[in-house]
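Q: Sharing target-v5.cif (mmCIF, C-alpha atoms) below.
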data_protein
loop_
_atom_site.group_PDB
_atom_site.id
_atom_site.type_symbol
_atom_site.label_atom_id
_atom_site.label_comp_id
_atom_site.auth_asym_id
_atom_site.auth_seq_id
_atom_site.Cartn_x
_atom_site.Cartn_y
_atom_site.Cartn_z
ATOM 1 C CA MET A 964 102.066 -57.578 27.507
ATOM 2 C CA LEU A 965 103.474 -56.681 24.107
ATOM 3 C CA LYS A 966 104.209 -53.017 23.410
ATOM 4 C CA LEU A 967 104.215 -51.435 19.952
ATOM 5 C CA HIS A 968 106.457 -48.393 19.670
ATOM 6 C CA GLY A 969 105.987 -45.950 16.796
ATOM 7 C CA LEU A 970 103.632 -43.452 15.178
ATOM 8 C CA VAL A 971 100.074 -44.190 14.071
ATOM 9 C CA ILE A 972 100.618 -42.176 10.877
ATOM 10 C CA SER A 973 103.283 -44.665 9.744
ATOM 11 C CA ASN A 974 102.188 -47.282 7.225
ATOM 12 C CA TYR A 975 104.664 -49.807 8.629
ATOM 13 C CA TYR A 976 103.432 -49.178 12.171
ATOM 14 C CA ASN A 977 99.878 -49.832 10.999
ATOM 15 C CA ILE A 978 100.911 -53.044 9.251
ATOM 16 C CA VAL A 979 102.120 -54.408 12.580
ATOM 17 C CA LYS A 980 99.193 -52.918 14.498
ATOM 18 C CA LEU A 981 96.633 -54.590 12.243
ATOM 19 C CA ALA A 982 98.518 -57.892 12.431
ATOM 20 C CA LEU A 983 98.475 -57.708 16.226
ATOM 21 C CA LEU A 984 94.738 -57.022 16.220
ATOM 22 C CA GLU A 985 93.949 -59.721 13.652
ATOM 23 C CA LYS A 986 95.874 -62.278 15.691
ATOM 24 C CA GLY A 987 94.107 -61.257 18.900
ATOM 25 C CA PHE A 988 97.082 -60.006 20.900
ATOM 26 C CA ASP A 989 96.698 -57.680 23.849
ATOM 27 C CA PHE A 990 99.222 -54.881 23.395
ATOM 28 C CA GLU A 991 100.043 -51.357 24.450
ATOM 29 C CA GLU A 992 100.839 -48.568 22.004
ATOM 30 C CA VAL A 993 103.832 -46.371 22.843
ATOM 31 C CA HIS A 994 104.296 -43.079 20.977
ATOM 32 C CA ALA A 995 107.825 -42.995 19.549
ATOM 33 C CA ALA A 996 109.308 -41.216 16.538
ATOM 34 C CA PRO A 997 112.250 -42.514 14.483
ATOM 35 C CA SER A 998 115.463 -41.351 16.079
ATOM 36 C CA GLN A 999 119.231 -41.623 15.872
ATOM 37 C CA GLU A 1000 119.559 -41.032 19.598
ATOM 38 C CA GLU A 1001 121.599 -43.750 21.285
ATOM 39 C CA SER A 1002 118.740 -44.601 23.628
ATOM 40 C CA PHE A 1003 116.462 -45.390 20.660
ATOM 41 C CA LEU A 1004 119.182 -47.119 18.635
ATOM 42 C CA ALA A 1005 119.503 -49.502 21.573
ATOM 43 C CA ILE A 1006 116.029 -50.861 20.788
ATOM 44 C CA SER A 1007 115.969 -50.211 17.016
ATOM 45 C CA PRO A 1008 119.447 -50.568 15.462
ATOM 46 C CA MET A 1009 118.569 -48.410 12.418
ATOM 47 C CA GLY A 1010 116.517 -45.956 14.461
ATOM 48 C CA LYS A 1011 113.337 -46.886 12.586
ATOM 49 C CA ILE A 1012 109.772 -47.593 13.617
ATOM 50 C CA PRO A 1013 107.875 -49.722 14.402
ATOM 51 C CA VAL A 1014 109.526 -51.529 17.291
ATOM 52 C CA LEU A 1015 107.882 -54.406 19.107
ATOM 53 C CA GLU A 1016 108.705 -54.857 22.766
ATOM 54 C CA ALA A 1017 108.224 -58.415 23.959
ATOM 55 C CA ARG A 1018 109.145 -60.313 27.088
ATOM 56 C CA GLU A 1019 112.358 -61.440 25.407
ATOM 57 C CA GLY A 1020 113.418 -57.945 24.284
ATOM 58 C CA PHE A 1021 112.965 -55.519 21.389
ATOM 59 C CA LEU A 1022 112.435 -56.327 17.718
ATOM 60 C CA SER A 1023 112.469 -53.981 14.728
ATOM 61 C CA GLU A 1024 111.866 -54.396 10.953
ATOM 62 C CA THR A 1025 108.237 -54.993 10.058
ATOM 63 C CA SER A 1026 108.636 -58.330 8.286
ATOM 64 C CA ALA A 1027 110.684 -59.725 11.196
ATOM 65 C CA ILE A 1028 108.013 -58.589 13.655
ATOM 66 C CA LEU A 1029 105.271 -60.309 11.635
ATOM 67 C CA GLU A 1030 107.306 -63.520 11.550
ATOM 68 C CA PHE A 1031 107.710 -63.341 15.330
ATOM 69 C CA LEU A 1032 103.975 -62.841 15.850
ATOM 70 C CA GLU A 1033 103.281 -65.839 13.634
ATOM 71 C CA GLU A 1034 105.720 -67.972 15.613
ATOM 72 C CA ILE A 1035 104.156 -67.181 18.983
ATOM 73 C CA ASN A 1036 100.532 -67.476 17.850
ATOM 74 C CA HIS A 1037 99.645 -70.157 15.301
ATOM 75 C CA GLU A 1038 95.948 -70.183 16.165
ATOM 76 C CA ILE A 1039 95.049 -67.212 13.950
ATOM 77 C CA PRO A 1040 97.474 -67.531 11.038
ATOM 78 C CA LEU A 1041 98.512 -64.753 8.693
ATOM 79 C CA LEU A 1042 100.834 -67.101 6.813
ATOM 80 C CA PRO A 1043 99.608 -70.282 5.083
ATOM 81 C CA GLU A 1044 100.474 -73.691 6.502
ATOM 82 C CA ASP A 1045 101.926 -74.919 3.202
ATOM 83 C CA HIS A 1046 105.625 -74.051 2.949
ATOM 84 C CA TYR A 1047 105.499 -72.923 -0.672
ATOM 85 C CA ALA A 1048 102.381 -70.823 -0.096
ATOM 86 C CA ARG A 1049 104.063 -69.209 2.928
ATOM 87 C CA SER A 1050 107.040 -68.311 0.767
ATOM 88 C CA LYS A 1051 104.765 -66.781 -1.879
ATOM 89 C CA VAL A 1052 103.251 -64.518 0.794
ATOM 90 C CA ARG A 1053 106.753 -63.465 1.874
ATOM 91 C CA GLU A 1054 107.725 -62.914 -1.772
ATOM 92 C CA LEU A 1055 104.810 -60.567 -2.370
ATOM 93 C CA MET A 1056 105.491 -58.701 0.879
ATOM 94 C CA LYS A 1057 109.072 -58.137 -0.276
ATOM 95 C CA VAL A 1058 107.857 -56.760 -3.614
ATOM 96 C CA PHE A 1059 105.637 -54.269 -1.799
ATOM 97 C CA GLU A 1060 108.531 -53.249 0.431
ATOM 98 C CA LEU A 1061 111.324 -52.969 -2.148
ATOM 99 C CA TYR A 1062 109.554 -51.892 -5.333
ATOM 100 C CA ILE A 1063 106.411 -50.041 -4.234
ATOM 101 C CA ASP A 1064 107.244 -48.425 -0.908
ATOM 102 C CA LEU A 1065 110.882 -47.766 -1.786
ATOM 103 C CA ALA A 1066 109.815 -46.086 -5.031
ATOM 104 C CA ILE A 1067 107.572 -43.518 -3.370
ATOM 105 C CA ARG A 1068 109.398 -43.030 -0.045
ATOM 106 C CA PRO A 1069 111.785 -40.272 -1.263
ATOM 107 C CA HIS A 1070 108.758 -38.112 -2.123
ATOM 108 C CA ILE A 1071 106.575 -38.547 0.973
ATOM 109 C CA GLY A 1072 108.023 -35.417 2.582
ATOM 110 C CA ALA A 1073 107.260 -33.326 -0.486
ATOM 111 C CA VAL A 1074 103.650 -34.531 -0.578
ATOM 112 C CA PHE A 1075 103.070 -33.627 3.059
ATOM 113 C CA GLY A 1076 105.007 -30.356 2.921
ATOM 114 C CA TRP A 1077 108.003 -31.396 4.989
ATOM 115 C CA HIS A 1078 110.538 -30.551 2.271
ATOM 116 C CA GLU A 1079 110.801 -29.545 -1.383
ATOM 117 C CA LEU A 1080 110.362 -32.080 -4.170
ATOM 118 C CA ASP A 1081 113.616 -33.390 -5.647
ATOM 119 C CA GLU A 1082 112.645 -33.431 -9.315
ATOM 120 C CA SER A 1083 115.821 -35.287 -10.258
ATOM 121 C CA ARG A 1084 114.613 -38.409 -8.454
ATOM 122 C CA VAL A 1085 111.142 -38.518 -9.981
ATOM 123 C CA PRO A 1086 111.912 -40.452 -13.218
ATOM 124 C CA ALA A 1087 113.723 -43.274 -11.418
ATOM 125 C CA SER A 1088 111.019 -43.460 -8.755
ATOM 126 C CA ARG A 1089 108.257 -43.605 -11.361
ATOM 127 C CA ALA A 1090 110.069 -46.362 -13.267
ATOM 128 C CA LEU A 1091 110.593 -48.440 -10.120
ATOM 129 C CA LEU A 1092 106.953 -48.013 -9.130
ATOM 130 C CA GLU A 1093 105.771 -49.126 -12.570
ATOM 131 C CA GLN A 1094 108.039 -52.167 -12.366
ATOM 132 C CA GLY A 1095 106.755 -53.017 -8.898
ATOM 133 C CA LEU A 1096 103.100 -52.643 -9.881
ATOM 134 C CA ALA A 1097 103.651 -54.873 -12.914
ATOM 135 C CA ALA A 1098 105.152 -57.516 -10.636
ATOM 136 C CA VAL A 1099 102.182 -57.264 -8.237
ATOM 137 C CA GLU A 1100 99.783 -57.738 -11.143
ATOM 138 C CA ARG A 1101 101.646 -60.864 -12.267
ATOM 139 C CA MET A 1102 101.660 -62.328 -8.765
ATOM 140 C CA THR A 1103 98.101 -61.684 -7.561
ATOM 141 C CA CYS A 1104 94.726 -63.247 -8.286
ATOM 142 C CA PHE A 1105 92.113 -61.359 -6.154
ATOM 143 C CA GLU A 1106 90.150 -64.519 -5.334
ATOM 144 C CA PRO A 1107 89.123 -62.583 -3.281
ATOM 145 C CA TYR A 1108 92.420 -61.783 -1.547
ATOM 146 C CA LEU A 1109 95.751 -61.095 -3.173
ATOM 147 C CA LEU A 1110 96.917 -64.700 -3.154
ATOM 148 C CA GLY A 1111 93.681 -66.639 -3.029
ATOM 149 C CA ARG A 1112 90.845 -67.405 -0.663
ATOM 150 C CA GLU A 1113 92.666 -66.712 2.611
ATOM 151 C CA PHE A 1114 93.423 -63.296 4.113
ATOM 152 C CA SER A 1115 97.164 -63.113 4.780
ATOM 153 C CA ALA A 1116 100.016 -60.863 5.843
ATOM 154 C CA ALA A 1117 100.427 -59.979 2.156
ATOM 155 C CA ASP A 1118 96.995 -58.310 2.207
ATOM 156 C CA ILE A 1119 97.980 -56.231 5.240
ATOM 157 C CA TYR A 1120 101.302 -55.271 3.668
ATOM 158 C CA GLY A 1121 99.675 -54.462 0.368
ATOM 159 C CA TYR A 1122 96.864 -52.392 1.830
ATOM 160 C CA TYR A 1123 99.075 -50.027 3.803
ATOM 161 C CA THR A 1124 101.803 -49.882 1.155
ATOM 162 C CA LEU A 1125 99.481 -49.196 -1.764
ATOM 163 C CA ASP A 1126 97.339 -46.651 0.089
ATOM 164 C CA LEU A 1127 100.420 -44.530 0.825
ATOM 165 C CA ALA A 1128 101.766 -45.103 -2.677
ATOM 166 C CA GLN A 1129 98.425 -43.952 -4.112
ATOM 167 C CA VAL A 1130 98.690 -40.603 -2.307
ATOM 168 C CA VAL A 1131 102.252 -40.021 -3.488
ATOM 169 C CA ALA A 1132 101.618 -41.252 -7.032
ATOM 170 C CA GLN A 1133 98.622 -38.960 -7.467
ATOM 171 C CA HIS A 1134 100.530 -35.906 -6.268
ATOM 172 C CA ILE A 1135 103.949 -36.550 -7.821
ATOM 173 C CA PHE A 1136 103.352 -38.786 -10.843
ATOM 174 C CA GLU A 1137 99.725 -37.814 -11.619
ATOM 175 C CA GLN A 1138 98.979 -41.520 -11.565
ATOM 176 C CA ASP A 1139 96.050 -43.467 -10.132
ATOM 177 C CA ILE A 1140 97.401 -46.778 -8.921
ATOM 178 C CA TYR A 1141 94.044 -48.339 -8.106
ATOM 179 C CA SER A 1142 92.594 -47.803 -11.564
ATOM 180 C CA SER A 1143 95.694 -49.250 -13.218
ATOM 181 C CA MET A 1144 95.051 -52.878 -12.238
ATOM 182 C CA PRO A 1145 91.823 -54.874 -12.682
ATOM 183 C CA GLY A 1146 90.449 -56.040 -9.350
ATOM 184 C CA LEU A 1147 92.701 -53.828 -7.226
ATOM 185 C CA THR A 1148 90.039 -51.304 -6.181
ATOM 186 C CA GLN A 1149 87.571 -54.028 -5.206
ATOM 187 C CA TRP A 1150 90.250 -55.808 -3.183
ATOM 188 C CA ARG A 1151 91.243 -52.555 -1.469
ATOM 189 C CA ASP A 1152 87.623 -51.819 -0.532
ATOM 190 C CA LYS A 1153 87.238 -55.329 0.883
ATOM 191 C CA ILE A 1154 90.264 -54.902 3.161
ATOM 192 C CA ALA A 1155 89.182 -51.392 4.182
ATOM 193 C CA ALA A 1156 85.764 -52.714 5.221
ATOM 194 C CA ARG A 1157 87.187 -55.202 7.722
ATOM 195 C CA PRO A 1158 86.281 -54.060 11.263
ATOM 196 C CA LEU A 1159 89.858 -54.154 12.537
ATOM 197 C CA THR A 1160 91.133 -52.270 9.499
ATOM 198 C CA ARG A 1161 88.545 -49.574 10.163
ATOM 199 C CA LYS A 1162 89.781 -49.345 13.749
ATOM 200 C CA VAL A 1163 93.408 -48.869 12.684
ATOM 201 C CA ASP A 1164 92.485 -46.413 9.938
ATOM 202 C CA ALA A 1165 90.312 -44.323 12.251
ATOM 203 C CA ALA A 1166 93.194 -43.872 14.697
ATOM 204 C CA ALA A 1167 95.549 -42.936 11.855
ATOM 205 C CA ALA A 1168 93.060 -40.432 10.411
ATOM 206 C CA GLU A 1169 92.612 -38.803 13.799
ATOM 207 C CA ALA A 1170 96.379 -38.486 14.235
ATOM 208 C CA ARG A 1171 96.820 -36.980 10.769
ATOM 209 C CA SER A 1172 94.038 -34.478 11.490
ATOM 210 C CA LYS A 1173 95.709 -33.366 14.721
ATOM 211 C CA LEU A 1174 99.060 -33.100 12.942
ATOM 212 C CA ALA A 1175 97.559 -30.935 10.203
ATOM 213 C CA LYS A 1176 96.242 -28.477 12.793
ATOM 214 C CA THR A 1177 99.633 -27.967 14.457
#
Take the structure in this file and express it as structure tokens.
A:
Amino acid sequence: MLKLHGLVISNYYNIVKLALLEKGFDFEEVHAAPSQEESFLAISPMGKIPVLEAREGFLSETSAILEFLEEINHEIPLLPEDHYARSKVRELMKVFELYIDLAIRPHIGAVFGWHELDESRVPASRALLEQGLAAVERMTCFEPYLLGREFSAADIYGYYTLDLAQVVAQHIFEQDIYSSMPGLTQWRDKIAARPLTRKVDAAAAEARSKLAKT
């Protein structure tokens, strides 16, 4: 059985978790925080989560994990069959990773009270986020999913990236991401209403509630 190592409050963990559920895999969740301990670096070379444990060994980096899941289960695809369409999904996923998530990641700790806000980094982060959102708007169609009629890995990536970015943008940049792009709120609500998304989100909400009480 596959094992997913990580934290349910992590957006990248939940990207993989939802992909596993959508593709119908049986898997076990293993609580594990990011770590630079040698024992964890042995399974995740950068010490990051999530980590997928398979029969063959351990695999880290979210996009690589999704590719692996697609390779071992073609029956419920999250990537289109057409080669160009598959590449467009990967392209959009990379935009979410490098220009949305990377823009807000330095400020997550400040939003959740883990450390003070570094004001010096805010202008560059805001500019990168704006650039990333503009790219997403150019690339998407909302018909009804981000890249057309089929639900794909790009929708999973986008949902968990943009939801976290929305929280940070509202607190740090006083910006509402979802109102900035026509069709984005309706798309977000459609993904949130999927039964498996609700399952993942409920577990994450419960974990965040417990964390807030500690």
Q: Considering only C-alpha atoms, can you say which of A:Tyr1047, A:Tyr1122, A:Phe1114, A:Phe1136 comes closest to His1070 (chain A)?
A: A:Phe1136
Q: Using all atoms listed in the file, which residue out of A:Val1058, A:Ile1140, A:Val1130, A:Ala995 lies closest to Ile1012 (chain A)?
A: A:Ala995
Q: Of the candidates A:His968, A:Lys986, A:Pro1158, A:Ser1050, which one gets nearest to Glu1034 (chain A) if we count only C-alpha atoms?
A: A:Lys986
Q: Selected by the PyMOL selection byres ((chain A and resi 974) around 12) in the shown coordinates: which residues, as a JSON list (two decimals) with C-alpha atoms, keeping the file's coordinate frame?
A:
[["chain", "number", "residue", "atom", "x", "y", "z"],
["A", 969, "GLY", "CA", 105.99, -45.95, 16.80],
["A", 970, "LEU", "CA", 103.63, -43.45, 15.18],
["A", 971, "VAL", "CA", 100.07, -44.19, 14.07],
["A", 972, "ILE", "CA", 100.62, -42.18, 10.88],
["A", 973, "SER", "CA", 103.28, -44.66, 9.74],
["A", 975, "TYR", "CA", 104.66, -49.81, 8.63],
["A", 976, "TYR", "CA", 103.43, -49.18, 12.17],
["A", 977, "ASN", "CA", 99.88, -49.83, 11.00],
["A", 978, "ILE", "CA", 100.91, -53.04, 9.25],
["A", 979, "VAL", "CA", 102.12, -54.41, 12.58],
["A", 980, "LYS", "CA", 99.19, -52.92, 14.50],
["A", 981, "LEU", "CA", 96.63, -54.59, 12.24],
["A", 1012, "ILE", "CA", 109.77, -47.59, 13.62],
["A", 1013, "PRO", "CA", 107.88, -49.72, 14.40],
["A", 1025, "THR", "CA", 108.24, -54.99, 10.06],
["A", 1059, "PHE", "CA", 105.64, -54.27, -1.80],
["A", 1060, "GLU", "CA", 108.53, -53.25, 0.43],
["A", 1064, "ASP", "CA", 107.24, -48.42, -0.91],
["A", 1068, "ARG", "CA", 109.40, -43.03, -0.04],
["A", 1071, "ILE", "CA", 106.58, -38.55, 0.97],
["A", 1119, "ILE", "CA", 97.98, -56.23, 5.24],
["A", 1120, "TYR", "CA", 101.30, -55.27, 3.67],
["A", 1121, "GLY", "CA", 99.68, -54.46, 0.37],
["A", 1122, "TYR", "CA", 96.86, -52.39, 1.83],
["A", 1123, "TYR", "CA", 99.08, -50.03, 3.80],
["A", 1124, "THR", "CA", 101.80, -49.88, 1.16],
["A", 1125, "LEU", "CA", 99.48, -49.20, -1.76],
["A", 1126, "ASP", "CA", 97.34, -46.65, 0.09],
["A", 1127, "LEU", "CA", 100.42, -44.53, 0.82],
["A", 1128, "ALA", "CA", 101.77, -45.10, -2.68],
["A", 1163, "VAL", "CA", 93.41, -48.87, 12.68],
["A", 1164, "ASP", "CA", 92.48, -46.41, 9.94],
["A", 1167, "ALA", "CA", 95.55, -42.94, 11.86],
["A", 1168, "ALA", "CA", 93.06, -40.43, 10.41]]
Q: Identify all residues satisfying the PyMOL selection byres ((chain A and resi 999) around 9) in the given file; provide them as a list in words.
A: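 Residues picked by the PyMOL selection byres ((chain A and resi 999) around 9): Pro997, Ser998, Glu1000, Glu1001, Ser1002, Phe1003, Leu1004, Pro1008, Met1009, Gly1010 and Lys1011 of chain A.
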Q: Report as an MDAnalysis selection string the residues that result from applying the PyMOL selection byres ((chain A and resi 1084) around 12) to the structure here.
A: chainID A and resid 1066:1070 1073 1079:1083 1085:1091 1135:1136
Q: How many Å lie between CA of Met1056 (chain A) and CA of His1078 (chain A), rounded to one decimal?
A: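 These atoms are spaced 28.6 Å apart.
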Q: At what distance in Å, to one decimal, does CA of His994 (chain A) lie from CA of Lys1173 (chain A)?
A: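 Between these atoms lies a distance of 14.4 Å.
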Q: Set the distance at 12 Å and use all atoms listed in the file: which residues neighbour Gly1020 (chain A) once local chain neighbours fewer than 2 positions away are removed? I'd like the list as an NGL selection string.
A: :A and (964-966 or 1005-1007 or 1014-1018 or 1022-1023 or 1028 or 1031)
Q: Please, what is the axis-aligned box for every listed atom of region 1124-1133 of chain A with 5 Å on each side, as centre and edge lengths in Å to one decimal, as lines of an AutoDock Vina configuration file?
A:
center_x = 99.8
center_y = -44.4
center_z = -3.2
size_x = 14.9
size_y = 20.9
size_z = 18.6
Q: Which distance in Å separates CA of Phe1021 (chain A) and CA of Asn1036 (chain A), to one decimal?
A: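 Atom-to-atom, CA of Phe1021 (chain A) and CA of Asn1036 (chain A) are spaced 17.6 Å apart.
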Q: Between A:Ser1115, A:Met1144, A:Glu1038, A:Ala1132, which is the closest to Ala1098 (chain A) once you count all atoms listed in the file?
A: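 Distance minimum relative to Ala1098 (chain A) lands on A:Met1144.
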Q: So that I can check the surroundings of Thr1148 (chain A), please list as a list in words every protein, DNA and RNA residue that reaches within 12 Å of it, counting only C-alpha atoms and ignoring chain neighbours fewer than 2 positions away.
A: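 The filter keeps Phe1105, Pro1107, Tyr1108, Leu1109, Tyr1122, Leu1125, Asp1126, Gln1129, Asp1139, Ile1140, Tyr1141, Ser1142, Ser1143, Met1144, Pro1145, Gly1146, Trp1150, Arg1151, Asp1152, Lys1153, Ile1154 and Ala1155 of chain A.
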Q: Got a moment to write region 1133-1153 of chain A out with N, CA, C and O atoms, as an mmCIF file, in the first residue's frame?
A:
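Here's the written file part.cif:
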data_model
loop_
_atom_site.group_PDB
_atom_site.id
_atom_site.type_symbol
_atom_site.label_atom_id
_atom_site.label_comp_id
_atom_site.auth_asym_id
_atom_site.auth_seq_id
_atom_site.Cartn_x
_atom_site.Cartn_y
_atom_site.Cartn_z
ATOM 1 N N GLN A 1133 -4.763 38.474 1.377
ATOM 2 C CA GLN A 1133 -5.703 39.302 2.133
ATOM 3 C C GLN A 1133 -5.034 39.929 3.352
ATOM 4 O O GLN A 1133 -5.267 41.098 3.659
ATOM 5 N N HIS A 1134 -4.208 39.165 4.040
ATOM 6 C CA HIS A 1134 -3.574 39.653 5.256
ATOM 7 C C HIS A 1134 -2.398 40.588 4.977
ATOM 8 O O HIS A 1134 -2.213 41.592 5.672
ATOM 9 N N ILE A 1135 -1.582 40.258 3.988
ATOM 10 C CA ILE A 1135 -0.332 40.982 3.760
ATOM 11 C C ILE A 1135 -0.473 42.066 2.704
ATOM 12 O O ILE A 1135 0.044 43.177 2.863
ATOM 13 N N PHE A 1136 -1.179 41.761 1.616
ATOM 14 C CA PHE A 1136 -1.280 42.704 0.500
ATOM 15 C C PHE A 1136 -2.622 43.428 0.448
ATOM 16 O O PHE A 1136 -2.814 44.301 -0.403
ATOM 17 N N GLU A 1137 -3.557 43.063 1.345
ATOM 18 C CA GLU A 1137 -4.918 43.601 1.315
ATOM 19 C C GLU A 1137 -5.520 43.429 -0.079
ATOM 20 O O GLU A 1137 -6.107 44.345 -0.648
ATOM 21 N N GLN A 1138 -5.399 42.230 -0.584
ATOM 22 C CA GLN A 1138 -5.807 41.910 -1.948
ATOM 23 C C GLN A 1138 -6.705 40.688 -1.947
ATOM 24 O O GLN A 1138 -6.437 39.712 -1.246
ATOM 25 N N ASP A 1139 -7.770 40.735 -2.728
ATOM 26 C CA ASP A 1139 -8.678 39.604 -2.876
ATOM 27 C C ASP A 1139 -8.418 38.958 -4.236
ATOM 28 O O ASP A 1139 -8.824 39.473 -5.271
ATOM 29 N N ILE A 1140 -7.731 37.839 -4.208
ATOM 30 C CA ILE A 1140 -7.363 37.169 -5.444
ATOM 31 C C ILE A 1140 -8.585 36.734 -6.232
ATOM 32 O O ILE A 1140 -8.663 36.913 -7.450
ATOM 33 N N TYR A 1141 -9.568 36.164 -5.547
ATOM 34 C CA TYR A 1141 -10.698 35.559 -6.255
ATOM 35 C C TYR A 1141 -11.578 36.582 -6.964
ATOM 36 O O TYR A 1141 -12.207 36.258 -7.973
ATOM 37 N N SER A 1142 -11.620 37.791 -6.463
ATOM 38 C CA SER A 1142 -12.419 38.815 -7.139
ATOM 39 C C SER A 1142 -11.649 39.504 -8.263
ATOM 40 O O SER A 1142 -12.213 40.305 -9.005
ATOM 41 N N SER A 1143 -10.380 39.170 -8.396
ATOM 42 C CA SER A 1143 -9.537 39.870 -9.378
ATOM 43 C C SER A 1143 -9.621 39.254 -10.766
ATOM 44 O O SER A 1143 -9.123 39.851 -11.725
ATOM 45 N N MET A 1144 -10.247 38.081 -10.904
ATOM 46 C CA MET A 1144 -10.240 37.386 -12.183
ATOM 47 C C MET A 1144 -11.631 36.839 -12.496
ATOM 48 O O MET A 1144 -12.161 36.038 -11.718
ATOM 49 N N PRO A 1145 -12.246 37.242 -13.581
ATOM 50 C CA PRO A 1145 -13.573 36.730 -13.932
ATOM 51 C C PRO A 1145 -13.580 35.200 -14.041
ATOM 52 O O PRO A 1145 -12.704 34.616 -14.680
ATOM 53 N N GLY A 1146 -14.558 34.589 -13.391
ATOM 54 C CA GLY A 1146 -14.700 33.144 -13.461
ATOM 55 C C GLY A 1146 -13.953 32.374 -12.390
ATOM 56 O O GLY A 1146 -14.211 31.185 -12.181
ATOM 57 N N LEU A 1147 -13.029 33.034 -11.683
ATOM 58 C CA LEU A 1147 -12.183 32.320 -10.728
ATOM 59 C C LEU A 1147 -12.976 31.845 -9.512
ATOM 60 O O LEU A 1147 -12.799 30.717 -9.053
ATOM 61 N N THR A 1148 -13.851 32.692 -8.985
ATOM 62 C CA THR A 1148 -14.639 32.305 -7.810
ATOM 63 C C THR A 1148 -15.563 31.139 -8.134
ATOM 64 O O THR A 1148 -15.678 30.183 -7.346
ATOM 65 N N GLN A 1149 -16.213 31.182 -9.283
ATOM 66 C CA GLN A 1149 -17.123 30.103 -9.668
ATOM 67 C C GLN A 1149 -16.363 28.794 -9.851
ATOM 68 O O GLN A 1149 -16.844 27.723 -9.454
ATOM 69 N N TRP A 1150 -15.178 28.884 -10.452
ATOM 70 C CA TRP A 1150 -14.353 27.678 -10.608
ATOM 71 C C TRP A 1150 -13.946 27.135 -9.239
ATOM 72 O O TRP A 1150 -14.047 25.934 -8.992
ATOM 73 N N ARG A 1151 -13.522 28.014 -8.349
ATOM 74 C CA ARG A 1151 -13.082 27.596 -7.019
ATOM 75 C C ARG A 1151 -14.223 26.886 -6.280
ATOM 76 O O ARG A 1151 -14.015 25.847 -5.647
ATOM 77 N N ASP A 1152 -15.418 27.443 -6.366
ATOM 78 C CA ASP A 1152 -16.574 26.849 -5.688
ATOM 79 C C ASP A 1152 -16.900 25.471 -6.266
ATOM 80 O O ASP A 1152 -17.319 24.570 -5.539
ATOM 81 N N LYS A 1153 -16.706 25.321 -7.567
ATOM 82 C CA LYS A 1153 -16.979 24.040 -8.220
ATOM 83 C C LYS A 1153 -16.012 22.969 -7.711
ATOM 84 O O LYS A 1153 -16.417 21.835 -7.431
#
